[in-house]
file query-v9.tsv (TSV, C-alpha atoms)
chain	number	residue	atom	x	y	z
A	1	MET	CA	25.18	17.32	12.30
A	2	SER	CA	24.07	18.14	8.80
A	3	GLU	CA	20.72	19.73	8.05
A	4	THR	CA	19.38	16.36	6.93
A	5	ASP	CA	20.38	14.82	10.26
A	6	THR	CA	18.68	17.56	12.24
A	7	SER	CA	15.47	17.42	10.22
A	8	GLY	CA	15.57	13.61	10.53
A	9	ALA	CA	15.96	13.93	14.30
A	10	ALA	CA	13.10	16.44	14.44
A	11	ARG	CA	10.85	14.06	12.47
A	12	ALA	CA	11.79	11.16	14.73
A	13	ALA	CA	10.98	13.28	17.79
A	14	GLU	CA	7.64	14.28	16.25
A	15	PHE	CA	6.71	10.63	15.69
A	16	GLU	CA	7.62	9.86	19.32
A	17	ARG	CA	5.42	12.74	20.51
A	18	TRP	CA	2.44	11.40	18.54
A	19	ALA	CA	3.18	7.84	19.70
A	20	ASN	CA	3.33	9.00	23.34
A	21	VAL	CA	-0.03	10.77	23.04
A	22	PHE	CA	-1.54	7.63	21.49
A	23	THR	CA	-0.06	5.43	24.24
A	24	ALA	CA	-1.18	7.79	27.01
A	25	HIS	CA	-4.76	7.61	25.71
A	26	LYS	CA	-4.58	3.85	25.07
A	27	ALA	CA	-5.46	4.43	21.42
A	28	PHE	CA	-5.86	1.25	19.40
A	29	SER	CA	-4.91	2.79	16.03
A	30	HIS	CA	-1.55	3.81	14.55
A	31	PRO	CA	-0.44	7.47	14.79
A	32	SER	CA	0.86	7.29	11.20
A	33	GLU	CA	-2.62	6.39	9.99
A	34	LEU	CA	-4.27	9.43	11.57
A	35	HIS	CA	-1.53	11.69	10.17
A	36	GLY	CA	-2.14	10.07	6.77
A	37	VAL	CA	-5.90	10.76	6.94
A	38	LEU	CA	-5.21	14.39	7.82
A	39	CYS	CA	-2.68	14.78	4.99
A	40	GLY	CA	-5.05	13.09	2.53
A	41	ARG	CA	-7.85	15.49	3.36
A	42	LEU	CA	-5.63	18.57	3.26
A	43	ALA	CA	-3.93	17.44	0.05
A	44	ALA	CA	-7.31	16.94	-1.63
A	45	GLY	CA	-8.20	20.55	-0.85
A	46	ALA	CA	-10.28	20.19	2.32
A	47	ARG	CA	-9.78	22.22	5.47
A	48	ILE	CA	-11.14	20.96	8.77
A	49	ASN	CA	-12.46	23.16	11.54
A	50	GLU	CA	-11.29	22.47	15.09
A	51	PRO	CA	-14.37	20.61	16.43
A	52	GLU	CA	-14.54	18.39	13.34
A	53	TRP	CA	-10.81	17.66	13.51
A	54	LEU	CA	-10.98	16.74	17.22
A	55	THR	CA	-13.99	14.48	16.55
A	56	MET	CA	-11.97	12.79	13.80
A	57	VAL	CA	-9.02	12.37	16.17
A	58	CYS	CA	-11.19	10.75	18.84
A	59	GLU	CA	-12.85	8.43	16.30
A	60	HIS	CA	-9.49	7.31	14.94
A	61	MET	CA	-8.02	6.77	18.37
A	62	GLY	CA	-11.10	4.85	19.51
A	63	LEU	CA	-11.88	7.41	22.20
A	64	PRO	CA	-15.22	8.89	23.29
A	65	GLU	CA	-15.82	12.32	21.74
A	66	SER	CA	-15.59	13.92	25.17
A	67	ALA	CA	-11.93	12.82	25.41
A	68	ALA	CA	-10.74	15.98	23.66
A	69	ASP	CA	-12.48	18.09	26.33
A	70	ASP	CA	-11.57	15.84	29.24
A	71	SER	CA	-7.88	15.63	28.43
A	72	GLU	CA	-5.55	18.57	29.04
A	73	ASP	CA	-3.06	17.65	26.36
A	74	LEU	CA	-5.02	16.04	23.51
A	75	ALA	CA	-6.75	19.08	21.95
A	76	PRO	CA	-3.72	21.45	22.15
A	77	PHE	CA	-1.39	18.76	20.76
A	78	MET	CA	-3.68	17.80	17.89
A	79	ASN	CA	-4.54	21.39	16.98
A	80	ARG	CA	-0.84	22.24	16.80
A	81	ALA	CA	-0.24	19.07	14.75
A	82	TYR	CA	-2.97	20.16	12.32
A	83	GLU	CA	-1.44	23.63	11.86
A	84	GLN	CA	2.08	22.23	11.46
A	85	THR	CA	1.01	19.60	8.93
A	86	LEU	CA	-0.75	22.18	6.78
A	87	GLU	CA	2.27	24.51	6.96
A	88	PHE	CA	4.63	21.71	5.88
A	89	LEU	CA	2.37	20.76	2.95
A	90	LYS	CA	2.20	24.41	1.82
A	91	SER	CA	5.92	25.02	2.33
A	92	ALA	CA	7.83	25.92	-0.82
A	93	ASP	CA	10.94	24.05	0.41
A	94	MET	CA	9.12	20.68	0.21
A	95	SER	CA	10.05	19.95	3.83
A	96	PHE	CA	6.88	17.87	4.30
A	97	HIS	CA	7.34	14.25	5.41
A	98	PRO	CA	4.84	11.55	6.36
A	99	LEU	CA	4.79	10.86	10.11
A	100	LEU	CA	6.92	7.71	10.37
A	101	PRO	CA	9.28	6.13	12.91
A	102	ASP	CA	13.02	6.47	12.27
A	103	ASP	CA	15.73	3.90	11.57
A	104	ASP	CA	15.93	2.86	15.23
A	105	TYR	CA	12.74	0.89	14.64
A	106	ALA	CA	12.79	-2.52	12.98
A	107	ILE	CA	12.14	-2.43	9.24
A	108	GLU	CA	8.87	-4.38	9.79
A	109	GLN	CA	7.61	-1.64	12.12
A	110	ARG	CA	8.61	1.07	9.66
A	111	LEU	CA	6.89	-0.71	6.79
A	112	GLU	CA	3.77	-1.18	8.91
A	113	ALA	CA	3.80	2.55	9.72
A	114	LEU	CA	4.22	3.48	6.05
A	115	VAL	CA	1.38	1.17	4.99
A	116	SER	CA	-0.83	2.65	7.77
A	117	TRP	CA	0.05	6.18	6.64
A	118	VAL	CA	-0.75	5.41	2.98
A	119	ARG	CA	-4.07	3.77	3.91
A	120	GLY	CA	-4.95	6.83	5.96
A	121	PHE	CA	-3.91	9.16	3.13
A	122	LEU	CA	-6.11	7.31	0.61
A	123	GLU	CA	-9.04	7.37	3.03
A	124	GLY	CA	-8.60	11.10	3.70
A	125	MET	CA	-8.30	11.84	-0.01
A	126	ALA	CA	-11.42	9.84	-0.85
A	127	LEU	CA	-13.37	11.63	1.90
A	128	ALA	CA	-12.30	15.06	0.70
A	129	ALA	CA	-12.06	14.70	-3.08
A	130	GLY	CA	-14.82	12.15	-3.67
A	131	GLU	CA	-16.00	12.21	-7.29
A	132	SER	CA	-13.44	14.80	-8.40
A	133	LEU	CA	-10.69	12.16	-8.07
A	134	GLY	CA	-12.11	10.57	-11.22
A	135	GLN	CA	-11.51	13.82	-13.11
A	136	ALA	CA	-7.96	14.24	-11.80
A	137	PRO	CA	-5.10	14.26	-14.33
A	138	ASP	CA	-3.72	10.87	-15.40
A	139	GLU	CA	-0.55	11.21	-13.32
A	140	ILE	CA	-2.61	11.75	-10.15
A	141	ARG	CA	-4.82	8.74	-10.94
A	142	GLU	CA	-1.73	6.61	-11.61
A	143	LEU	CA	-0.23	7.84	-8.35
A	144	VAL	CA	-3.39	6.81	-6.49
A	145	GLU	CA	-3.17	3.34	-8.06
A	146	ASP	CA	0.46	3.09	-6.91
A	147	LEU	CA	-0.54	4.18	-3.41
A	148	VAL	CA	-3.26	1.51	-3.33
A	149	ALA	CA	-0.60	-1.08	-4.24
A	150	ILE	CA	1.72	0.27	-1.50
A	151	SER	CA	-1.13	0.10	1.03
A	152	GLN	CA	-1.30	-3.64	0.42
A	153	LEU	CA	2.39	-4.39	1.06
A	154	SER	CA	3.10	-6.83	3.84
A	155	ASP	CA	6.16	-7.28	6.02
A	156	ASP	CA	6.54	-11.02	5.57
A	157	GLU	CA	9.77	-10.71	3.62
A	158	ASP	CA	13.15	-11.04	5.30
A	159	ALA	CA	14.78	-7.69	5.90
A	160	ASP	CA	18.11	-7.04	4.20
A	161	ASP	CA	20.01	-4.04	2.86
A	162	GLU	CA	18.06	-4.17	-0.36
A	163	SER	CA	14.68	-4.04	1.39
A	164	GLU	CA	16.03	-1.15	3.51
A	165	GLN	CA	16.84	0.74	0.30
A	166	GLN	CA	13.45	-0.15	-1.22
A	167	LEU	CA	11.65	1.15	1.86
A	168	LEU	CA	13.55	4.43	1.60
A	169	GLU	CA	12.65	4.75	-2.07
A	170	ILE	CA	8.97	3.92	-1.49
A	171	THR	CA	8.82	6.40	1.39
A	172	GLU	CA	10.28	9.15	-0.79
A	173	TYR	CA	7.84	8.28	-3.58
A	174	VAL	CA	4.93	8.53	-1.13
A	175	ARG	CA	6.24	11.86	0.22
A	176	LEU	CA	6.55	13.41	-3.24
A	177	GLY	CA	3.21	11.88	-4.25
A	178	ALA	CA	1.44	13.57	-1.33
A	179	LEU	CA	2.99	16.90	-2.34
A	180	ALA	CA	1.91	16.35	-5.97
A	181	VAL	CA	-1.69	15.76	-4.85
A	182	PHE	CA	-1.55	18.86	-2.66
A	183	THR	CA	-0.28	20.97	-5.57
A	184	GLU	CA	-3.01	19.58	-7.84
A	185	PHE	CA	-5.96	20.26	-5.54
A	186	ASN	CA	-4.82	23.43	-3.75
A	187	ALA	CA	-4.47	26.72	-5.58
A	188	PRO	CA	-1.28	28.55	-4.58
A	189	GLU	CA	-1.99	31.24	-2.01
A	190	LYS	CA	-1.53	34.76	-3.31
A	191	PRO	CA	0.97	36.91	-1.44
A	192	ALA	CA	-0.83	39.41	0.78
A	193	SER	CA	0.35	42.33	-1.38
A	194	GLU	CA	-1.54	40.93	-4.39
A	195	SER	CA	-4.87	40.43	-2.69
A	196	PRO	CA	-7.64	42.57	-4.15
A	197	THR	CA	-8.56	45.65	-2.16
A	198	LEU	CA	-12.12	46.76	-1.60
A	199	HIS	CA	-12.85	50.32	-2.60
call {"tool": "encode", "arguments": {"input": "query-v9.tsv", "output": "structure tokens"}}
result
Amino acid sequence: MSETDTSGAARAAEFERWANVFTAHKAFSHPSELHGVLCGRLAAGARINEPEWLTMVCEHMGLPESAADDSEDLAPFMNRAYEQTLEFLKSADMSFHPLLPDDDYAIEQRLEALVSWVRGFLEGMALAAGESLGQAPDEIRELVEDLVAISQLSDDEDADDESEQQLLEITEYVRLGALAVFTEFNAPEKPASESPTLH
């Protein structure tokens, strides 16, 4: 298996883990959407403390706030997901990917997941960046306009090889777009050796 295959398999497994948590808690929302909201907020420069993140999770999943305390698996899973997502966004190797189902799913389901993720990303970005989005560079504003258009795609077209290829291209565009937003709104972290020392 090539590296791409293994990372693809890891991403597919990660989506299944999220989906299983959502199913176990009878969540009415899409896991990709919650991941999108998280990525949107992180990319726009926000960081979320644990209680706020778990409240957000419960709201998105349509669960009472106490669910995070009552459930043994929800808080540990979501806290790990938060840490991992931030690490992937910060990673220099650009290994970040939106949380989406793999090719075993029907193209309609994959498009629905991508649209949900993009909607979540735009919502998260708007929550975190607010007014400063208006002052963002042109390419970021154009990207946001493209994402808005992607968030309105519907799956009423017949699937064929061409639409399969288009979905791949749109997904890659979204992935690189999220990284571009992250780079724009997050100053690179200084290596520990360069941090100022107090005398």
call {"tool": "atom_distance", "arguments": {"input": "query-v9.tsv", "atom1": "CA of Ala128 (chain A)", "atom2": "CA of Gly36 (chain A)"}}
result
12.8 Å
call {"tool": "atom_distance", "arguments": {"input": "query-v9.tsv", "atom1": "CA of Arg41 (chain A)", "atom2": "CA of Thr183 (chain A)"}}
result
12.9 Å
call {"tool": "closest_residue", "arguments": {"input": "query-v9.tsv", "among": "A:Glu83, A:Glu59, A:Glu184, A:Glu162", "to": "Arg47 (chain A)", "atoms": "all atoms listed in the file"}}
result
A:Glu83
call {"tool": "atom_distance", "arguments": {"input": "query-v9.tsv", "atom1": "CA of Asp160 (chain A)", "atom2": "CA of Arg110 (chain A)"}}
result
13.6 Å
call {"tool": "residues_around", "arguments": {"input": "query-v9.tsv", "residues": "region 87-90 of chain A", "least_positions_apart": "6", "cutoff": "10 Å", "atoms": "all atoms listed in the file", "output": "list in words"}}
result
Cys39, Leu42, Ala43, Ala81, Phe96, His97, Ala178, Leu179, Ala180, Phe182, Thr183, Asn186, Pro188 and Glu189 of chain A
call {"tool": "build_atoms", "arguments": {"input": "query-v9.tsv", "residues": "region 9-20 of chain A", "atoms": "all heavy atoms", "output": "short mmCIF file (atom, residue, chain, number, x, y, z; two decimals), in the coordinates of the input"}}
result
data_model
loop_
_atom_site.label_atom_id
_atom_site.label_comp_id
_atom_site.auth_asym_id
_atom_site.auth_seq_id
_atom_site.Cartn_x
_atom_site.Cartn_y
_atom_site.Cartn_z
N ALA A 9 16.13 14.04 12.84
CA ALA A 9 15.96 13.93 14.30
C ALA A 9 14.65 14.60 14.73
O ALA A 9 13.92 14.09 15.59
CB ALA A 9 17.14 14.59 15.01
N ALA A 10 14.34 15.73 14.10
CA ALA A 10 13.10 16.44 14.44
C ALA A 10 11.88 15.59 14.07
O ALA A 10 10.91 15.51 14.82
CB ALA A 10 13.04 17.77 13.71
N ARG A 11 11.97 14.92 12.90
CA ARG A 11 10.85 14.06 12.47
C ARG A 11 10.69 12.86 13.39
O ARG A 11 9.58 12.48 13.73
CB ARG A 11 11.07 13.59 11.02
CG ARG A 11 10.96 14.69 10.01
CD ARG A 11 10.69 14.13 8.62
NE ARG A 11 11.67 13.15 8.20
CZ ARG A 11 12.82 13.44 7.61
NH1 ARG A 11 13.15 14.71 7.40
NH2 ARG A 11 13.66 12.49 7.23
N ALA A 12 11.84 12.31 13.82
CA ALA A 12 11.79 11.16 14.73
C ALA A 12 11.15 11.59 16.05
O ALA A 12 10.30 10.87 16.62
CB ALA A 12 13.21 10.63 14.98
N ALA A 13 11.53 12.78 16.53
CA ALA A 13 10.98 13.28 17.79
C ALA A 13 9.48 13.53 17.65
O ALA A 13 8.70 13.26 18.57
CB ALA A 13 11.69 14.58 18.18
N GLU A 14 9.07 14.01 16.49
CA GLU A 14 7.64 14.28 16.25
C GLU A 14 6.85 12.97 16.27
O GLU A 14 5.78 12.89 16.88
CB GLU A 14 7.46 14.99 14.90
CG GLU A 14 6.05 15.47 14.61
CD GLU A 14 5.53 16.53 15.59
OE1 GLU A 14 6.30 17.07 16.40
OE2 GLU A 14 4.32 16.79 15.53
N PHE A 15 7.39 11.92 15.66
CA PHE A 15 6.71 10.63 15.69
C PHE A 15 6.58 10.15 17.13
O PHE A 15 5.52 9.67 17.55
CB PHE A 15 7.46 9.57 14.86
CG PHE A 15 6.79 8.22 14.92
CD1 PHE A 15 5.70 7.93 14.10
CD2 PHE A 15 7.21 7.26 15.83
CE1 PHE A 15 5.04 6.70 14.20
CE2 PHE A 15 6.56 6.03 15.93
CZ PHE A 15 5.47 5.75 15.11
N GLU A 16 7.65 10.31 17.91
CA GLU A 16 7.62 9.86 19.32
C GLU A 16 6.56 10.64 20.10
O GLU A 16 5.88 10.07 20.95
CB GLU A 16 9.00 10.03 19.98
CG GLU A 16 10.08 9.13 19.43
CD GLU A 16 9.72 7.63 19.42
OE1 GLU A 16 9.01 7.18 20.32
OE2 GLU A 16 10.14 6.92 18.48
N ARG A 17 6.44 11.94 19.80
CA ARG A 17 5.42 12.74 20.51
C ARG A 17 4.02 12.21 20.20
O ARG A 17 3.20 12.05 21.09
CB ARG A 17 5.53 14.23 20.12
CG ARG A 17 6.61 14.96 20.87
CD ARG A 17 6.48 16.47 20.73
NE ARG A 17 6.84 16.93 19.39
CZ ARG A 17 8.10 17.21 19.02
NH1 ARG A 17 9.10 17.07 19.88
NH2 ARG A 17 8.36 17.63 17.80
N TRP A 18 3.76 11.96 18.92
CA TRP A 18 2.44 11.40 18.54
C TRP A 18 2.24 10.04 19.22
O TRP A 18 1.19 9.76 19.79
CB TRP A 18 2.38 11.21 17.02
CG TRP A 18 2.01 12.42 16.22
CD1 TRP A 18 2.75 13.54 16.07
CD2 TRP A 18 0.82 12.64 15.45
NE1 TRP A 18 2.11 14.44 15.23
CE2 TRP A 18 0.92 13.91 14.84
CE3 TRP A 18 -0.32 11.87 15.21
CZ2 TRP A 18 -0.06 14.42 14.01
CZ3 TRP A 18 -1.31 12.39 14.37
CH2 TRP A 18 -1.18 13.66 13.78
N ALA A 19 3.28 9.19 19.14
CA ALA A 19 3.18 7.84 19.70
C ALA A 19 2.89 7.91 21.21
O ALA A 19 2.08 7.15 21.73
CB ALA A 19 4.46 7.07 19.43
N ASN A 20 3.54 8.86 21.90
CA ASN A 20 3.33 9.00 23.34
C ASN A 20 1.90 9.42 23.66
O ASN A 20 1.30 8.94 24.62
CB ASN A 20 4.31 10.02 23.94
CG ASN A 20 5.73 9.48 23.94
OD1 ASN A 20 5.95 8.27 23.86
ND2 ASN A 20 6.71 10.37 23.99
#
